[in-house]
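Participant: Data: query.cif, mmCIF, C-alpha atoms and all ligand atoms.
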```cif
data_start
loop_
_atom_site.label_atom_id
_atom_site.label_comp_id
_atom_site.auth_asym_id
_atom_site.auth_seq_id
_atom_site.Cartn_x
_atom_site.Cartn_y
_atom_site.Cartn_z
CA MET A 1 -61.45 -79.04 -24.26
CA THR A 2 -63.68 -82.08 -23.87
CA ASP A 3 -61.09 -84.77 -23.13
CA CYS A 4 -58.97 -82.65 -20.78
CA ILE A 5 -58.95 -83.81 -17.15
CA PHE A 6 -58.33 -80.30 -15.79
CA CYS A 7 -61.13 -78.78 -17.91
CA LYS A 8 -63.39 -81.47 -16.42
CA ILE A 9 -62.24 -80.50 -12.91
CA ILE A 10 -63.05 -76.84 -13.62
CA ALA A 11 -66.49 -77.84 -14.94
CA GLY A 12 -67.12 -79.94 -11.81
CA GLU A 13 -67.40 -83.14 -13.86
CA ILE A 14 -64.49 -84.65 -11.93
CA PRO A 15 -64.22 -84.02 -8.18
CA SER A 16 -61.35 -81.97 -6.80
CA ALA A 17 -60.26 -80.45 -3.51
CA LYS A 18 -60.72 -76.82 -4.52
CA VAL A 19 -58.74 -74.13 -2.71
CA TYR A 20 -59.45 -71.09 -4.93
CA GLU A 21 -61.67 -70.01 -7.80
CA ASP A 22 -62.45 -66.81 -9.64
CA ASP A 23 -63.66 -66.03 -13.16
CA GLU A 24 -60.34 -66.92 -14.77
CA VAL A 25 -58.31 -69.04 -12.38
CA PHE A 26 -58.88 -72.27 -10.45
CA ALA A 27 -56.67 -73.92 -7.80
CA PHE A 28 -56.94 -77.34 -6.19
CA LEU A 29 -54.87 -79.85 -4.27
CA ASP A 30 -52.64 -82.05 -6.42
CA ILE A 31 -53.72 -85.64 -5.95
CA THR A 32 -50.13 -86.83 -5.42
CA GLN A 33 -49.37 -84.40 -2.50
CA VAL A 34 -45.59 -84.42 -3.00
CA THR A 35 -45.69 -82.49 0.27
CA LYS A 36 -48.70 -81.58 2.41
CA GLY A 37 -50.65 -78.78 0.72
CA HIS A 38 -49.21 -79.36 -2.79
CA THR A 39 -51.52 -77.23 -4.94
CA LEU A 40 -52.06 -76.69 -8.66
CA VAL A 41 -53.03 -73.28 -10.04
CA ILE A 42 -54.56 -73.35 -13.51
CA PRO A 43 -56.12 -70.94 -15.98
CA LYS A 44 -59.77 -71.75 -16.73
CA LYS A 45 -58.97 -71.19 -20.38
CA HIS A 46 -57.49 -74.36 -21.84
CA VAL A 47 -53.91 -73.63 -22.85
CA LYS A 48 -51.42 -76.44 -23.22
CA ASP A 49 -48.29 -74.83 -21.85
CA ILE A 50 -46.41 -71.57 -21.32
CA PHE A 51 -45.80 -71.25 -25.07
CA GLU A 52 -49.54 -70.65 -25.54
CA TYR A 53 -49.80 -67.82 -22.99
CA ASP A 54 -50.22 -64.21 -23.99
CA PRO A 55 -49.21 -61.42 -21.58
CA GLU A 56 -52.77 -60.95 -20.31
CA LEU A 57 -53.23 -64.60 -19.41
CA ALA A 58 -49.80 -64.70 -17.77
CA SER A 59 -50.67 -61.64 -15.72
CA THR A 60 -54.01 -63.17 -14.74
CA VAL A 61 -52.60 -66.53 -13.65
CA PHE A 62 -49.33 -65.43 -12.06
CA SER A 63 -50.93 -62.55 -10.16
CA ARG A 64 -52.96 -65.10 -8.13
CA ILE A 65 -49.88 -67.07 -7.03
CA PRO A 66 -48.75 -64.93 -4.04
CA LYS A 67 -52.24 -64.92 -2.51
CA ILE A 68 -52.58 -68.71 -2.77
CA ALA A 69 -48.96 -69.33 -1.66
CA LYS A 70 -49.44 -67.15 1.43
CA ALA A 71 -52.72 -68.89 2.28
CA ILE A 72 -51.02 -72.30 2.11
CA GLN A 73 -48.24 -71.05 4.36
CA LYS A 74 -50.67 -69.49 6.84
CA SER A 75 -53.05 -72.41 7.06
CA ILE A 76 -50.59 -75.30 7.37
CA PRO A 77 -48.22 -75.32 10.34
CA GLY A 78 -44.54 -75.84 9.59
CA VAL A 79 -44.31 -74.43 6.04
CA LYS A 80 -40.79 -72.98 5.83
CA GLY A 81 -40.52 -72.46 2.07
CA MET A 82 -42.15 -73.26 -1.26
CA ASN A 83 -41.08 -74.49 -4.67
CA ILE A 84 -43.13 -73.01 -7.51
CA LEU A 85 -42.78 -75.13 -10.58
CA ASN A 86 -44.22 -75.17 -14.08
CA ASN A 87 -43.44 -78.07 -16.41
CA ASN A 88 -43.80 -77.42 -20.13
CA GLY A 89 -43.64 -80.29 -22.59
CA GLU A 90 -43.10 -83.99 -22.10
CA VAL A 91 -39.35 -83.49 -22.11
CA ALA A 92 -39.79 -81.22 -19.06
CA TYR A 93 -41.95 -83.83 -17.24
CA GLN A 94 -45.34 -82.30 -18.12
CA SER A 95 -47.92 -85.09 -17.91
CA VAL A 96 -51.22 -83.15 -18.00
CA PHE A 97 -51.43 -80.89 -21.03
CA HIS A 98 -53.53 -78.14 -19.51
CA SER A 99 -51.03 -75.61 -18.19
CA HIS A 100 -50.61 -75.65 -14.42
CA ILE A 101 -48.34 -74.17 -11.77
CA HIS A 102 -47.26 -76.44 -8.90
CA LEU A 103 -47.09 -74.84 -5.45
CA ILE A 104 -45.10 -77.26 -3.32
CA PRO A 105 -44.78 -76.18 0.31
CA ARG A 106 -41.50 -77.18 1.92
CA TYR A 107 -41.06 -78.30 5.50
CA GLN A 108 -37.50 -79.62 5.40
CA LYS A 109 -34.76 -80.21 2.85
CA ASP A 110 -35.14 -83.96 2.40
CA GLU A 111 -38.81 -84.85 1.89
CA GLY A 112 -39.13 -86.66 -1.43
CA PHE A 113 -38.67 -83.66 -3.66
CA LYS A 114 -35.40 -82.76 -5.33
CA LEU A 115 -34.35 -80.18 -7.86
CA HIS A 116 -30.83 -80.80 -9.07
CA PHE A 117 -29.08 -78.26 -11.31
CA GLU A 118 -25.87 -79.52 -12.91
CA ASP A 119 -23.33 -76.85 -13.76
CA HIS A 120 -22.52 -77.06 -17.49
CA SER A 121 -21.00 -73.61 -17.80
CA ASP A 122 -17.64 -75.08 -18.80
CA THR A 123 -19.13 -76.27 -22.11
CA TYR A 124 -19.44 -72.66 -23.38
CA THR A 125 -16.77 -70.16 -24.30
CA GLN A 126 -17.43 -66.61 -23.08
CA ASP A 127 -18.21 -65.69 -26.70
CA GLU A 128 -20.74 -68.49 -27.12
CA PHE A 129 -22.32 -67.52 -23.80
CA GLN A 130 -22.71 -63.89 -24.86
CA GLN A 131 -23.97 -64.89 -28.34
CA LEU A 132 -26.62 -67.10 -26.76
CA ALA A 133 -27.92 -64.18 -24.69
CA ALA A 134 -27.74 -61.82 -27.67
CA SER A 135 -29.79 -64.19 -29.81
CA ILE A 136 -32.58 -64.49 -27.21
CA LYS A 137 -32.51 -60.73 -26.57
CA GLN A 138 -32.74 -59.97 -30.29
CA THR A 139 -35.73 -62.31 -30.66
CA ILE A 140 -37.50 -60.58 -27.75
CA GLU A 141 -36.80 -57.15 -29.23
CA SER A 142 -38.01 -58.16 -32.70
CA GLY A 143 -41.37 -59.06 -31.14
CA ASP A 144 -41.43 -62.61 -32.60
P1 LIG B 1 -47.18 -82.38 -14.43
O1 LIG B 1 -46.39 -83.65 -14.32
O2 LIG B 1 -46.37 -81.15 -14.17
O3 LIG B 1 -47.94 -82.30 -15.74
O4 LIG B 1 -48.23 -82.43 -13.25
C1 LIG B 1 -49.51 -82.95 -13.39
C2 LIG B 1 -50.04 -83.12 -12.00
O5 LIG B 1 -51.43 -83.32 -12.06
C3 LIG B 1 -49.45 -84.33 -11.25
O6 LIG B 1 -48.71 -83.88 -10.13
C4 LIG B 1 -50.69 -85.13 -10.87
O7 LIG B 1 -50.61 -85.68 -9.57
C5 LIG B 1 -51.79 -84.11 -10.97
N1 LIG B 1 -53.11 -84.67 -11.23
C6 LIG B 1 -53.47 -85.49 -12.23
N2 LIG B 1 -54.78 -85.79 -12.15
C7 LIG B 1 -55.28 -85.13 -11.08
C8 LIG B 1 -56.56 -85.03 -10.47
N3 LIG B 1 -57.63 -85.67 -10.95
N4 LIG B 1 -56.68 -84.26 -9.37
C9 LIG B 1 -55.62 -83.61 -8.86
N5 LIG B 1 -54.38 -83.65 -9.40
C10 LIG B 1 -54.20 -84.41 -10.48
ZN ZN B 2 -58.06 -78.25 -20.30
#
```
Spell out the structure here as structure tokens.
Ligand code: AMP
Ligand code: ZN

Facilitator:
Amino acid sequence: MTDCIFCKIIAGEIPSAKVYEDDEVFAFLDITQVTKGHTLVIPKKHVKDIFEYDPELASTVFSRIPKIAKAIQKSIPGVKGMNILNNNGEVAYQSVFHSHIHLIPRYQKDEGFKLHFEDHSDTYTQDEFQQLAASIKQTIESGD
């Protein structure tokens, strides 16, 4: 895609701090460095978000994650954990619309990165909860 910043990074038209590349996947340091070593893993094929993946592309991209995550942990002292994050859609805070996986190494609990899950389970009856799961399951099984 010609006006995509990540496609331009892959093509070498925009500089990046590359950490990994093969025929299908590219990884580079995120310019914001939420924590030291914050890395983005992207498919070379331009897909907007997870809703445009097929199983083969998912397998290609996600299979590279452990290798890159382990390399970050090994090469930077003090990495005690890692958040792996993938934002899809503006509503989910996606700002670059070439799919990417954030690898955010963690050194301590309070370091400018927070994930906060509110518990809304009391807004569902048990029936509604089960129906919700059944509806998703049925859609998966119907192959849609
Ligand atoms: P998201 O908000 O999930 O779409 O994340 C997009 C990420 O891309 C942000 O964390 C940005 O810091 C990062 N980013 C944008 N432009 C560049 C660039 N030229 N090089 C490296 N990272 C970038
Ligand atoms: Zn792109």

Participant: Counting only C-alpha atoms and all ligand atoms, which residues in chain A sit no more than 10 Å from ligand LIG 1 (chain B)? For each one, give the nearest pair of atoms and the distance in Å, sorted by chain then residue number, as a tab-separated table.

Facilitator:
```
residue	atom	partner	partner_atom	distance
A:Ile5	CA	B:LIG1	N3	6.6
A:Phe6	CA	B:LIG1	N3	7.3
A:Lys8	CA	B:LIG1	N3	9.0
A:Ile9	CA	B:LIG1	N3	7.2
A:Ile14	CA	B:LIG1	N3	7.0
A:Pro15	CA	B:LIG1	N3	7.3
A:Ser16	CA	B:LIG1	N4	5.8
A:Ala17	CA	B:LIG1	C9	7.8
A:Lys18	CA	B:LIG1	C9	9.5
A:Ala27	CA	B:LIG1	C9	9.8
A:Phe28	CA	B:LIG1	C9	6.9
A:Leu29	CA	B:LIG1	C9	6.0
A:Asp30	CA	B:LIG1	N5	3.8
A:Ile31	CA	B:LIG1	C9	4.0
A:Thr32	CA	B:LIG1	O7	4.3
A:Gln33	CA	B:LIG1	O7	7.3
A:Val34	CA	B:LIG1	O6	7.8
A:His38	CA	B:LIG1	O6	8.6
A:Thr39	CA	B:LIG1	N5	8.3
A:Leu40	CA	B:LIG1	N5	7.4
A:Asp49	CA	B:LIG1	O3	9.7
A:Leu85	CA	B:LIG1	O2	7.9
A:Asn86	CA	B:LIG1	O2	6.4
A:Asn87	CA	B:LIG1	O2	4.8
A:Asn88	CA	B:LIG1	O2	7.5
A:Gly89	CA	B:LIG1	O3	8.3
A:Glu90	CA	B:LIG1	O3	8.2
A:Ala92	CA	B:LIG1	O2	8.2
A:Tyr93	CA	B:LIG1	O1	5.3
A:Gln94	CA	B:LIG1	O3	3.5
A:Ser95	CA	B:LIG1	O3	3.5
A:Val96	CA	B:LIG1	O3	4.1
A:Phe97	CA	B:LIG1	O3	6.5
A:His98	CA	B:LIG1	O3	7.9
A:Ser99	CA	B:LIG1	O3	7.8
A:His100	CA	B:LIG1	O2	6.9
A:Ile101	CA	B:LIG1	O2	7.6
A:His102	CA	B:LIG1	O2	7.1
```

Participant: Please save C-alpha atoms of the selected residues as an mmCIF file, in the frame of the given file.

Facilitator:
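Final output, saved to result.cif:
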```cif
data_model
loop_
_atom_site.group_PDB
_atom_site.id
_atom_site.type_symbol
_atom_site.label_atom_id
_atom_site.label_comp_id
_atom_site.auth_asym_id
_atom_site.auth_seq_id
_atom_site.Cartn_x
_atom_site.Cartn_y
_atom_site.Cartn_z
ATOM 1 C CA ILE A 5 -58.950 -83.810 -17.150
ATOM 2 C CA PHE A 6 -58.330 -80.300 -15.790
ATOM 3 C CA LYS A 8 -63.390 -81.470 -16.420
ATOM 4 C CA ILE A 9 -62.240 -80.500 -12.910
ATOM 5 C CA ILE A 14 -64.490 -84.650 -11.930
ATOM 6 C CA PRO A 15 -64.220 -84.020 -8.180
ATOM 7 C CA SER A 16 -61.350 -81.970 -6.800
ATOM 8 C CA ALA A 17 -60.260 -80.450 -3.510
ATOM 9 C CA LYS A 18 -60.720 -76.820 -4.520
ATOM 10 C CA ALA A 27 -56.670 -73.920 -7.800
ATOM 11 C CA PHE A 28 -56.940 -77.340 -6.190
ATOM 12 C CA LEU A 29 -54.870 -79.850 -4.270
ATOM 13 C CA ASP A 30 -52.640 -82.050 -6.420
ATOM 14 C CA ILE A 31 -53.720 -85.640 -5.950
ATOM 15 C CA THR A 32 -50.130 -86.830 -5.420
ATOM 16 C CA GLN A 33 -49.370 -84.400 -2.500
ATOM 17 C CA VAL A 34 -45.590 -84.420 -3.000
ATOM 18 C CA HIS A 38 -49.210 -79.360 -2.790
ATOM 19 C CA THR A 39 -51.520 -77.230 -4.940
ATOM 20 C CA LEU A 40 -52.060 -76.690 -8.660
ATOM 21 C CA ASP A 49 -48.290 -74.830 -21.850
ATOM 22 C CA LEU A 85 -42.780 -75.130 -10.580
ATOM 23 C CA ASN A 86 -44.220 -75.170 -14.080
ATOM 24 C CA ASN A 87 -43.440 -78.070 -16.410
ATOM 25 C CA ASN A 88 -43.800 -77.420 -20.130
ATOM 26 C CA GLY A 89 -43.640 -80.290 -22.590
ATOM 27 C CA GLU A 90 -43.100 -83.990 -22.100
ATOM 28 C CA ALA A 92 -39.790 -81.220 -19.060
ATOM 29 C CA TYR A 93 -41.950 -83.830 -17.240
ATOM 30 C CA GLN A 94 -45.340 -82.300 -18.120
ATOM 31 C CA SER A 95 -47.920 -85.090 -17.910
ATOM 32 C CA VAL A 96 -51.220 -83.150 -18.000
ATOM 33 C CA PHE A 97 -51.430 -80.890 -21.030
ATOM 34 C CA HIS A 98 -53.530 -78.140 -19.510
ATOM 35 C CA SER A 99 -51.030 -75.610 -18.190
ATOM 36 C CA HIS A 100 -50.610 -75.650 -14.420
ATOM 37 C CA ILE A 101 -48.340 -74.170 -11.770
ATOM 38 C CA HIS A 102 -47.260 -76.440 -8.900
#
```

Participant: Restricting the calculation to all atoms listed in the file: of A:Lys44, A:Tyr107, A:Leu132, A:Ile76, which residue gets closest to Ala11 in chain A?

Facilitator: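 Counting all atoms listed in the file, the residue closest to Ala11 in chain A is A:Lys44.
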
Participant: A:Pro66, A:Pro55, A:Pro43, A:Gly81: which is nearest ligand ZN 2 (chain B), counting all atoms listed in the file?

Facilitator: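 For ligand ZN 2 (chain B), the nearest of the candidates is A:Pro43.
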
Participant: What does the distance from CA of Lys67 in chain A to CA of Tyr53 in chain A come to in Å, to one decimal?

Facilitator: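 So the two atoms, CA of Lys67 in chain A and CA of Tyr53 in chain A, lie 20.8 Å apart.
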
Participant: Considering all atoms listed in the file, can you say which of A:Val25, A:Ile136, A:Ala58, A:Val47 comes closest to Met1 in chain A?

Facilitator: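 The answer is A:Val47, which sits nearest to Met1 in chain A.
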
Participant: Find the residues around range 112-115 of chain A up to 10 Å (all atoms listed in the file counted), leave out those fewer than 6 positions away in its own chain, and share them as an MDAnalysis selection string.

Facilitator: chainID A and resid 34:35 83 104 106

Participant: Go through A:Glu24, A:Val19, A:Cys4, A:Phe129 one by one, measure the shortest atom-to-atom distance of each to ligand ZN 2 (chain B) using only C-alpha atoms and all ligand atoms, and give the residue with the smallest value.

Facilitator: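 Result for the nearest residue to ligand ZN 2 (chain B): A:Cys4.
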
Participant: Tell me, in Å to one decimal, how far CA of Phe62 in chain A is from CA of His116 in chain A.

Facilitator: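 So the two atoms, CA of Phe62 in chain A and CA of His116 in chain A, lie 24.2 Å apart.
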
Participant: Which residue is closest to ligand ZN 2 (chain B)? Choose from A:Ala134, A:Ile42, A:Ala69, A:Ile84 and count all atoms listed in the file.

Facilitator: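 Checking each of A:Ala134, A:Ile42, A:Ala69, A:Ile84 against ligand ZN 2 (chain B), counting all atoms listed in the file, the winner is A:Ile42.
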
Participant: Between A:Gln126, A:Gln131, A:Thr2, A:Ser142, which residue has the minimum interatomic distance to ligand ZN 2 (chain B), considering all atoms listed in the file?

Facilitator: A:Thr2

Participant: Just want the 12 Å neighbourhood of Ser75 in chain A, counted on all atoms listed in the file, with same-chain residues fewer than 5 positions away dropped. Output as number ranges by chain.

Facilitator: A: 19, 36-37, 68-70, 105

Participant: Applying 6 Å and only C-alpha atoms, which residues near Phe26 in chain A remain after dropping the ones on its own chain fewer than 2 positions away? List them as a PDB file with C-alpha atoms, in the coordinates of the input.

Facilitator:
```
ATOM      1  CA  TYR A  20     -59.450 -71.090  -4.930  1.00  0.00           C
ATOM      2  CA  GLU A  21     -61.670 -70.010  -7.800  1.00  0.00           C
ATOM      3  CA  VAL A  41     -53.030 -73.280 -10.040  1.00  0.00           C
ATOM      4  CA  ILE A  42     -54.560 -73.350 -13.510  1.00  0.00           C
TER       5      ILE A  42
END
```

Participant: As an exercise, work out the distance from CA of Arg64 in chain A to CA of His46 in chain A in Å and give it to one decimal place.

Facilitator: 17.2 Å

Participant: Working from the structure I just supplied, which lacks atoms in range 16-27 of chain A, can you model all heavy atoms there and output them as a PDB file, keeping the file's coordinate frame?

Facilitator:
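Below you can see selection_1.pdb, which holds the result:
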```pdb
ATOM      1  N   SER A  16     -62.679 -82.463  -7.177  1.00  0.00           N
ATOM      2  CA  SER A  16     -61.350 -81.970  -6.800  1.00  0.00           C
ATOM      3  C   SER A  16     -61.453 -81.326  -5.428  1.00  0.00           C
ATOM      4  O   SER A  16     -62.546 -80.994  -4.972  1.00  0.00           O
ATOM      5  CB  SER A  16     -60.844 -80.949  -7.820  1.00  0.00           C
ATOM      6  OG  SER A  16     -61.561 -79.732  -7.704  1.00  0.00           O
ATOM      7  N   ALA A  17     -60.306 -81.163  -4.790  1.00  0.00           N
ATOM      8  CA  ALA A  17     -60.260 -80.450  -3.510  1.00  0.00           C
ATOM      9  C   ALA A  17     -59.884 -79.006  -3.820  1.00  0.00           C
ATOM     10  O   ALA A  17     -58.715 -78.625  -3.855  1.00  0.00           O
ATOM     11  CB  ALA A  17     -59.237 -81.108  -2.591  1.00  0.00           C
ATOM     12  N   LYS A  18     -60.934 -78.201  -4.061  1.00  0.00           N
ATOM     13  CA  LYS A  18     -60.720 -76.820  -4.520  1.00  0.00           C
ATOM     14  C   LYS A  18     -60.200 -75.934  -3.394  1.00  0.00           C
ATOM     15  O   LYS A  18     -60.698 -75.992  -2.278  1.00  0.00           O
ATOM     16  CB  LYS A  18     -62.049 -76.267  -5.039  1.00  0.00           C
ATOM     17  CG  LYS A  18     -61.984 -74.829  -5.495  1.00  0.00           C
ATOM     18  CD  LYS A  18     -63.196 -74.429  -6.306  1.00  0.00           C
ATOM     19  CE  LYS A  18     -64.419 -74.145  -5.481  1.00  0.00           C
ATOM     20  NZ  LYS A  18     -65.535 -73.627  -6.303  1.00  0.00           N
ATOM     21  N   VAL A  19     -59.194 -75.096  -3.714  1.00  0.00           N
ATOM     22  CA  VAL A  19     -58.740 -74.130  -2.710  1.00  0.00           C
ATOM     23  C   VAL A  19     -58.999 -72.685  -3.157  1.00  0.00           C
ATOM     24  O   VAL A  19     -58.986 -71.772  -2.334  1.00  0.00           O
ATOM     25  CB  VAL A  19     -57.240 -74.311  -2.360  1.00  0.00           C
ATOM     26  CG1 VAL A  19     -56.947 -75.722  -1.891  1.00  0.00           C
ATOM     27  CG2 VAL A  19     -56.321 -73.958  -3.511  1.00  0.00           C
ATOM     28  N   TYR A  20     -59.229 -72.470  -4.453  1.00  0.00           N
ATOM     29  CA  TYR A  20     -59.450 -71.090  -4.930  1.00  0.00           C
ATOM     30  C   TYR A  20     -60.151 -71.129  -6.274  1.00  0.00           C
ATOM     31  O   TYR A  20     -59.888 -72.006  -7.099  1.00  0.00           O
ATOM     32  CB  TYR A  20     -58.105 -70.365  -5.092  1.00  0.00           C
ATOM     33  CG  TYR A  20     -58.254 -68.966  -5.633  1.00  0.00           C
ATOM     34  CD1 TYR A  20     -58.621 -67.920  -4.795  1.00  0.00           C
ATOM     35  CD2 TYR A  20     -58.063 -68.698  -6.992  1.00  0.00           C
ATOM     36  CE1 TYR A  20     -58.789 -66.636  -5.306  1.00  0.00           C
ATOM     37  CE2 TYR A  20     -58.225 -67.415  -7.504  1.00  0.00           C
ATOM     38  CZ  TYR A  20     -58.586 -66.389  -6.652  1.00  0.00           C
ATOM     39  OH  TYR A  20     -58.764 -65.119  -7.150  1.00  0.00           O
ATOM     40  N   GLU A  21     -61.048 -70.152  -6.483  1.00  0.00           N
ATOM     41  CA  GLU A  21     -61.670 -70.010  -7.800  1.00  0.00           C
ATOM     42  C   GLU A  21     -62.097 -68.575  -8.019  1.00  0.00           C
ATOM     43  O   GLU A  21     -62.629 -67.926  -7.110  1.00  0.00           O
ATOM     44  CB  GLU A  21     -62.892 -70.934  -7.923  1.00  0.00           C
ATOM     45  CG  GLU A  21     -63.556 -70.839  -9.294  1.00  0.00           C
ATOM     46  CD  GLU A  21     -64.688 -71.856  -9.498  1.00  0.00           C
ATOM     47  OE1 GLU A  21     -65.172 -72.442  -8.501  1.00  0.00           O
ATOM     48  OE2 GLU A  21     -65.083 -72.044 -10.669  1.00  0.00           O
ATOM     49  N   ASP A  22     -61.813 -68.053  -9.207  1.00  0.00           N
ATOM     50  CA  ASP A  22     -62.450 -66.810  -9.640  1.00  0.00           C
ATOM     51  C   ASP A  22     -62.841 -66.980 -11.103  1.00  0.00           C
ATOM     52  O   ASP A  22     -62.850 -68.114 -11.608  1.00  0.00           O
ATOM     53  CB  ASP A  22     -61.545 -65.583  -9.366  1.00  0.00           C
ATOM     54  CG  ASP A  22     -60.225 -65.631 -10.125  1.00  0.00           C
ATOM     55  OD1 ASP A  22     -60.195 -66.132 -11.273  1.00  0.00           O
ATOM     56  OD2 ASP A  22     -59.206 -65.159  -9.579  1.00  0.00           O
ATOM     57  N   ASP A  23     -63.153 -65.899 -11.786  1.00  0.00           N
ATOM     58  CA  ASP A  23     -63.660 -66.030 -13.160  1.00  0.00           C
ATOM     59  C   ASP A  23     -62.647 -66.658 -14.119  1.00  0.00           C
ATOM     60  O   ASP A  23     -63.017 -67.285 -15.114  1.00  0.00           O
ATOM     61  CB  ASP A  23     -64.058 -64.653 -13.720  1.00  0.00           C
ATOM     62  CG  ASP A  23     -65.337 -64.156 -13.075  1.00  0.00           C
ATOM     63  OD1 ASP A  23     -66.006 -64.975 -12.395  1.00  0.00           O
ATOM     64  OD2 ASP A  23     -65.654 -62.964 -13.235  1.00  0.00           O
ATOM     65  N   GLU A  24     -61.356 -66.505 -13.790  1.00  0.00           N
ATOM     66  CA  GLU A  24     -60.340 -66.920 -14.770  1.00  0.00           C
ATOM     67  C   GLU A  24     -59.358 -67.976 -14.282  1.00  0.00           C
ATOM     68  O   GLU A  24     -58.643 -68.583 -15.079  1.00  0.00           O
ATOM     69  CB  GLU A  24     -59.541 -65.685 -15.208  1.00  0.00           C
ATOM     70  CG  GLU A  24     -60.363 -64.734 -16.038  1.00  0.00           C
ATOM     71  CD  GLU A  24     -59.864 -63.305 -15.949  1.00  0.00           C
ATOM     72  OE1 GLU A  24     -59.567 -62.844 -14.827  1.00  0.00           O
ATOM     73  OE2 GLU A  24     -59.764 -62.670 -16.983  1.00  0.00           O
ATOM     74  N   VAL A  25     -59.327 -68.163 -12.964  1.00  0.00           N
ATOM     75  CA  VAL A  25     -58.310 -69.040 -12.380  1.00  0.00           C
ATOM     76  C   VAL A  25     -58.954 -70.017 -11.399  1.00  0.00           C
ATOM     77  O   VAL A  25     -59.931 -69.676 -10.723  1.00  0.00           O
ATOM     78  CB  VAL A  25     -57.229 -68.181 -11.649  1.00  0.00           C
ATOM     79  CG1 VAL A  25     -56.218 -69.053 -10.911  1.00  0.00           C
ATOM     80  CG2 VAL A  25     -56.502 -67.283 -12.650  1.00  0.00           C
ATOM     81  N   PHE A  26     -58.387 -71.213 -11.345  1.00  0.00           N
ATOM     82  CA  PHE A  26     -58.880 -72.270 -10.450  1.00  0.00           C
ATOM     83  C   PHE A  26     -57.666 -72.890  -9.774  1.00  0.00           C
ATOM     84  O   PHE A  26     -56.608 -73.032 -10.392  1.00  0.00           O
ATOM     85  CB  PHE A  26     -59.610 -73.323 -11.312  1.00  0.00           C
ATOM     86  CG  PHE A  26     -60.463 -74.299 -10.558  1.00  0.00           C
ATOM     87  CD1 PHE A  26     -61.818 -74.061 -10.360  1.00  0.00           C
ATOM     88  CD2 PHE A  26     -59.921 -75.474 -10.057  1.00  0.00           C
ATOM     89  CE1 PHE A  26     -62.615 -74.972  -9.685  1.00  0.00           C
ATOM     90  CE2 PHE A  26     -60.719 -76.395  -9.380  1.00  0.00           C
ATOM     91  CZ  PHE A  26     -62.067 -76.141  -9.189  1.00  0.00           C
ATOM     92  N   ALA A  27     -57.786 -73.252  -8.501  1.00  0.00           N
ATOM     93  CA  ALA A  27     -56.670 -73.920  -7.800  1.00  0.00           C
ATOM     94  C   ALA A  27     -57.219 -75.040  -6.949  1.00  0.00           C
ATOM     95  O   ALA A  27     -58.282 -74.907  -6.335  1.00  0.00           O
ATOM     96  CB  ALA A  27     -55.897 -72.913  -6.948  1.00  0.00           C
TER      97      ALA A  27
END
```
